[in-house]
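Notes to accompany the following structure.
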Amino acid sequence: MLDMQTASKPHRAKLYLHYEIDGDDFTRAGEASSKLKQSLKQLGLSPAVIRRAAIAMYEGEINMVAHADGGVIDVDIDTAAITIVMRDTGNGIEDIDAAMKEGYSTASDEVRQMGFGAGMGLPNMKKHSDYMKIDTKVGEGTTVTMKISIMSE
Amino acid sequence: MDSNTSNIFHSVTLDPDKCMGCVTCVKRCPTEAIRVRDGKASIINEYCIDCGECIRVCPHHAKHAIYDPLTVIQGYRRSIALPAPALYGQFSHIESTDIVLNALLKLGFDDVFEVARAAEIVSDRTRQIMEEEEDLPKPLISCACPAVVRLIRVEYPELIGNLMTLVPPVELAARLAARKAMVEHPELAREDIGVIFITPCPAKVTSMRAPLGFGASEIDASVAMKEVYPKLLEHLPEIAEIGEMNLPELQSAGRVGVSWSGSGGEATALLTENYLAADGMENVVHVLDSLEEERLGDLDFIELNACAGGCVGGVLTVENPYIAHTRVQKLRKFMPVSLNHFDNDMLGLITNDEPIDYVNFVAIQKLSDDYEEAISLLAQMKEIEESLPGIDCGACGAPSCAAFAEDVIRGNAKKGECIISLRDRLGELAEDDEDIGDFIPRPFRSGKENRGDDNH
């Protein structure tokens, strides 16, 4: 787990990236994480870090499309970590504990028929990030914050 | 360029006299390795994977592959032709691969060794590995298409571990052919023997000159399929006259080996249904992107071919790939399933003896060795990208506005080289001067200088 005190200290070099995700369009889900991946390669980060960030964000993108009619993603990169903040104004998550369990899904049959909604989204996001926080209010929306440390072990 | 990259061999080259400086190849290059500079295309060596896509799309035939002339066989006391299985699909009205193989002897080769034979051995060994070895990376990725292996090395370093660690069939064929010739002709030294590959693509020529995964290639020369094609055609009637039944029987590969000529041929030979086979560069890139982000689920094997249709679609072939594929299908109908098998004394011949590294990858993609500097350069790059028109016209010589912004940051282009940004500046001037406004072509007008002259 990343030390939040250290991570929030000001750093000289900082980069912000912003992405907007359309709702209900599974054909486009993954575009933002592919773009992020390209940027991270240009920073010369280790392949393992790049892969974790791309997977974590991709899963979040799918969630935004499947459950929340899209949303916005802000990525903040500094010398310590990649911070991904994913905001939507969807239905919110009723039972976070259940949602964090592998295999638990509230996805519609339609979404499942497309091969999504296997109940691995949030667990995978947690698995591939060093820190994850979910702020959600039923009926108002969800904000997921993930941090991926750039220090490769 | 540092010493690590300056000695890269490429089979794909440019004829500057024919190049018109258009952006057709720039736009189609899968690794964005081409820029137009001073009116001519120029290839960035570090990014080029020799897939040959630029050769395929160039309307002015300015892109070429480097390969050896057929006369190369005169330099050897004994020469052996290694036909890629795609060769069999180039000819209409032949009933057996024996006709093509015998025609190769008429061209002056002393012997033939079908690459399809080695392909069967690679298939057999792959099945064995998948059955027996534990902790195999999943999915395994085929190592047969050198353009794909190079693409993975340049763009997908995390997937290098999924590549099979076997030499491609053509290399195994060369090693077996050389060994056979040495045994049959003990009076000859290795340098008296020419192992000559009949290649469908430039990527395989590069693979011979600068192998990945093994130290040195046993292939002595590569001749393009399109070069031998007309010469083989000349000999087909006389061979047909002899009659198939009276010809020396040279065919020594079955359905499995011959099927490697088309996309999916390698994968179907593995006797698993849990495989994916994709062909054509755009599709290959899409699959690798998805695989890198773990979106493809549980798969045992992935076969990727840079060319649409597989090797029959190689840029050095003659026939339409889909017709060639149909012909191979007909030819293999009465063939035995497989005639060649892996045997343990081939282990040293078939296994890679060097790791495929991605040293160059890190060096070529990152903007700076210093991470903090890379962050600020990337921030500047995004700013430049935002300020650009975003129409990806290519007039600056880069494939997209994003690539142009990167070129600017890397010091390989100047921001003022964007002709559309220049238009905007002209447009501002035009507000004060109607005459200048009239010089701006309609697609480039931004509305405000569009003064009711839509009927032009």
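Here, A, B, ... name the chains of the structure tokens in the order displayed, residue numbers run from 1 inside each chain, and ligands are numbered from 1 in the same displayed order.
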With 8 Å as the limit and counting only C-alpha atoms, what residues in chain B lie close to chain A? Please list them as a PyMOL selection string. chain B and resi 157-158+289+292-294+362+365-369+371-376+378-379
Residue set, region 346-386 of chain B restricted to alpha helix (DSSP H), as a list of chain:residue names: B:Leu347, B:Gly348, B:Leu349, B:Ile350, B:Val359, B:Asn360, B:Phe361, B:Val362, B:Ala363, B:Ile364, B:Gln365, B:Tyr371, B:Glu372, B:Glu373, B:Ala374, B:Ile375, B:Ser376, B:Leu377, B:Leu378, B:Ala379, B:Gln380, B:Met381, B:Lys382, B:Glu383, B:Ile384, B:Glu385, B:Glu386
Quick one, how far is CA of Glu155 (chain B) from CA of Leu122 (chain A)? 27.7 Å
Write out as a PyMOL selection string the set of residues from chain A that DSSP, computed on the backbone, places in strand (DSSP E or B). chain A and resi 15-22+70-77+81-88+131-137+141-149
As a CSV table (one decimal) with N, CA and C atoms, in the first residue's frame, please: the residues near region 100-114 of chain A (cut-off 9 Å, only C-alpha atoms, same-chain neighbours under 3 positions excluded).
```
chain,number,residue,atom,x,y,z
A,26,PHE,N,-19.9,-0.2,-25.9
A,26,PHE,CA,-18.9,-1.1,-25.6
A,26,PHE,C,-17.8,-1.2,-26.6
A,66,ALA,N,-21.0,0.1,-18.6
A,66,ALA,CA,-22.1,-0.9,-18.3
A,66,ALA,C,-23.1,-0.4,-17.2
A,67,HIS,N,-22.6,0.4,-16.3
A,67,HIS,CA,-23.4,0.7,-15.1
A,67,HIS,C,-23.8,2.2,-15.0
A,95,ASP,N,-24.2,-2.1,-2.5
A,95,ASP,CA,-23.5,-2.9,-1.5
A,95,ASP,C,-22.0,-3.1,-1.9
A,96,ILE,N,-21.1,-2.2,-1.4
A,96,ILE,CA,-19.7,-2.2,-1.8
A,96,ILE,C,-19.0,-3.5,-1.5
A,97,ASP,N,-19.3,-4.0,-0.3
A,97,ASP,CA,-18.7,-5.3,0.2
A,97,ASP,C,-19.0,-6.4,-0.8
A,117,GLY,N,-19.5,-8.2,-17.5
A,117,GLY,CA,-20.3,-8.4,-16.3
A,117,GLY,C,-20.0,-9.7,-15.6
A,118,ALA,N,-18.8,-10.1,-15.6
A,118,ALA,CA,-18.4,-11.4,-15.0
A,118,ALA,C,-18.2,-11.2,-13.5
A,119,GLY,N,-18.3,-10.0,-13.0
A,119,GLY,CA,-18.1,-9.7,-11.6
A,119,GLY,C,-16.6,-9.7,-11.2
A,120,MET,N,-15.8,-9.3,-12.1
A,120,MET,CA,-14.3,-9.3,-11.8
A,120,MET,C,-13.8,-7.8,-11.9
A,121,GLY,N,-14.6,-6.9,-12.3
A,121,GLY,CA,-14.2,-5.5,-12.5
A,121,GLY,C,-13.5,-4.9,-11.3
A,122,LEU,N,-14.3,-4.7,-10.2
A,122,LEU,CA,-13.7,-4.0,-9.1
A,122,LEU,C,-12.6,-4.8,-8.4
A,123,PRO,N,-12.8,-6.2,-8.3
A,123,PRO,CA,-11.7,-7.0,-7.7
A,123,PRO,C,-10.4,-6.8,-8.5
A,124,ASN,N,-10.5,-6.8,-9.9
A,124,ASN,CA,-9.3,-6.6,-10.7
A,124,ASN,C,-8.7,-5.2,-10.5
A,126,LYS,N,-8.8,-3.4,-7.9
A,126,LYS,CA,-8.1,-3.5,-6.6
A,126,LYS,C,-6.8,-4.2,-6.7
```
Surrounding residues of region 81-93 of chain A excluding itself and chain neighbours under 3 positions, 9 Å, only C-alpha atoms, as a short mmCIF file (atom, residue, chain, number, x, y, z; two decimals) with C-alpha atoms, in the first residue's frame:
```cif
data_model
loop_
_atom_site.label_atom_id
_atom_site.label_comp_id
_atom_site.auth_asym_id
_atom_site.auth_seq_id
_atom_site.Cartn_x
_atom_site.Cartn_y
_atom_site.Cartn_z
CA LEU A 2 1.22 3.45 -0.92
CA ALA A 7 2.16 10.72 -2.41
CA ALA A 53 -2.40 0.90 -14.86
CA ALA A 56 -7.07 -1.15 -13.76
CA MET A 57 -8.34 1.68 -15.93
CA GLY A 60 -13.11 0.96 -14.68
CA GLU A 61 -14.00 2.05 -18.19
CA MET A 64 -18.64 3.20 -16.48
CA HIS A 67 -23.44 0.73 -15.15
CA ALA A 68 -23.23 4.51 -15.34
CA ASP A 69 -23.78 5.83 -18.86
CA GLY A 70 -20.18 6.92 -19.10
CA GLY A 71 -18.19 9.41 -17.09
CA VAL A 72 -14.89 11.24 -16.90
CA ILE A 73 -11.40 10.06 -16.02
CA ASP A 74 -8.63 12.27 -14.68
CA VAL A 75 -5.15 10.87 -14.52
CA ASP A 76 -2.48 12.58 -12.53
CA ILE A 77 1.11 11.43 -12.93
CA ASP A 78 4.00 12.54 -10.77
CA ILE A 96 -19.72 -2.20 -1.81
CA ALA A 99 -19.35 -5.60 -5.25
CA ASP A 135 -16.91 7.02 -2.93
CA THR A 136 -20.44 6.21 -3.90
CA LYS A 137 -23.93 7.41 -3.21
CA VAL A 138 -26.93 5.48 -4.44
CA GLY A 139 -28.73 7.51 -7.08
CA GLU A 140 -25.94 10.06 -7.37
CA GLY A 141 -22.87 8.34 -8.70
CA THR A 142 -19.51 6.81 -7.96
CA THR A 143 -15.94 8.07 -7.83
CA VAL A 144 -13.18 5.50 -7.82
CA THR A 145 -9.66 6.66 -7.00
CA MET A 146 -6.76 4.33 -7.73
CA LYS A 147 -3.07 4.84 -7.19
CA ILE A 148 -0.38 2.80 -8.86
CA SER A 149 3.10 3.31 -7.50
CA ILE A 150 5.68 3.83 -10.22
CA MET A 151 8.50 2.34 -8.18
#
```
Measure the distance from CA of His235 (chain B) to CA of Leu339 (chain B) in Å and round it to one decimal.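 Result for CA of His235 (chain B) versus CA of Leu339 (chain B): 27.3 Å, one decimal.
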Between CA of Ile239 (chain B) and CA of Val258 (chain B), what is the distance in Å, rounded to a tenth?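 These two atoms are separated by 21.2 Å.
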Leaving out Ile323 (chain B) and any residue of its chain fewer than 3 positions from it, which residues lie within 12 Å of it when counting only C-alpha atoms, given as an MDAnalysis selection string? chainID B and resid 86 88:92 262 309 312:313 317:320 326:330
With C-alpha atoms kept, could you save the residues just selected as a PDB file, in the first residue's frame?
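Dumped to again-v5.pdb:
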```
ATOM      1  CA  ALA B  86       2.678 -20.368 -49.958  1.00  0.00           C
ATOM      2  CA  TYR B  88       2.117 -24.002 -53.983  1.00  0.00           C
ATOM      3  CA  GLY B  89      -0.849 -21.632 -54.078  1.00  0.00           C
ATOM      4  CA  GLN B  90       0.657 -19.434 -56.803  1.00  0.00           C
ATOM      5  CA  PHE B  91      -0.104 -21.759 -59.717  1.00  0.00           C
ATOM      6  CA  SER B  92      -3.388 -22.738 -61.296  1.00  0.00           C
ATOM      7  CA  GLY B 262      -2.688 -19.668 -44.654  1.00  0.00           C
ATOM      8  CA  GLY B 309      -4.676 -14.326 -45.342  1.00  0.00           C
ATOM      9  CA  VAL B 312      -0.084 -16.463 -49.023  1.00  0.00           C
ATOM     10  CA  GLY B 313      -0.701 -12.720 -48.553  1.00  0.00           C
ATOM     11  CA  THR B 317       3.838 -13.386 -53.638  1.00  0.00           C
ATOM     12  CA  VAL B 318       2.069 -13.056 -56.972  1.00  0.00           C
ATOM     13  CA  GLU B 319      -1.428 -14.468 -56.622  1.00  0.00           C
ATOM     14  CA  ASN B 320      -4.389 -13.025 -54.726  1.00  0.00           C
ATOM     15  CA  THR B 326      -8.266 -22.076 -52.158  1.00  0.00           C
ATOM     16  CA  ARG B 327      -5.623 -23.703 -54.355  1.00  0.00           C
ATOM     17  CA  VAL B 328      -3.678 -24.953 -51.363  1.00  0.00           C
ATOM     18  CA  GLN B 329      -6.939 -26.331 -49.982  1.00  0.00           C
ATOM     19  CA  LYS B 330      -7.461 -28.324 -53.183  1.00  0.00           C
TER      20      LYS B 330
END
```
Can you pull out every residue within 9 Å of Val72 (chain B), counting only C-alpha atoms, but drop anything in the same chain fewer than 6 positions away, and send it as a ChimeraX atom specification? /B:194,196,221,223
Can I get the selection written as an mmCIF file, in the first residue's frame, with N, CA and C atoms?
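result-v2.cif written:
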```cif
data_model
loop_
_atom_site.group_PDB
_atom_site.id
_atom_site.type_symbol
_atom_site.label_atom_id
_atom_site.label_comp_id
_atom_site.auth_asym_id
_atom_site.auth_seq_id
_atom_site.Cartn_x
_atom_site.Cartn_y
_atom_site.Cartn_z
ATOM 1 N N GLY B 194 24.600 -24.301 -50.725
ATOM 2 C CA GLY B 194 23.753 -23.108 -50.630
ATOM 3 C C GLY B 194 22.338 -23.492 -50.240
ATOM 4 N N ILE B 196 18.855 -22.134 -49.963
ATOM 5 C CA ILE B 196 18.219 -20.948 -50.545
ATOM 6 C C ILE B 196 16.713 -20.961 -50.277
ATOM 7 N N ALA B 221 20.790 -17.677 -48.524
ATOM 8 C CA ALA B 221 20.257 -16.611 -49.374
ATOM 9 C C ALA B 221 18.741 -16.745 -49.434
ATOM 10 N N VAL B 223 15.476 -15.774 -51.971
ATOM 11 C CA VAL B 223 15.038 -15.322 -53.291
ATOM 12 C C VAL B 223 13.532 -15.088 -53.218
#
```
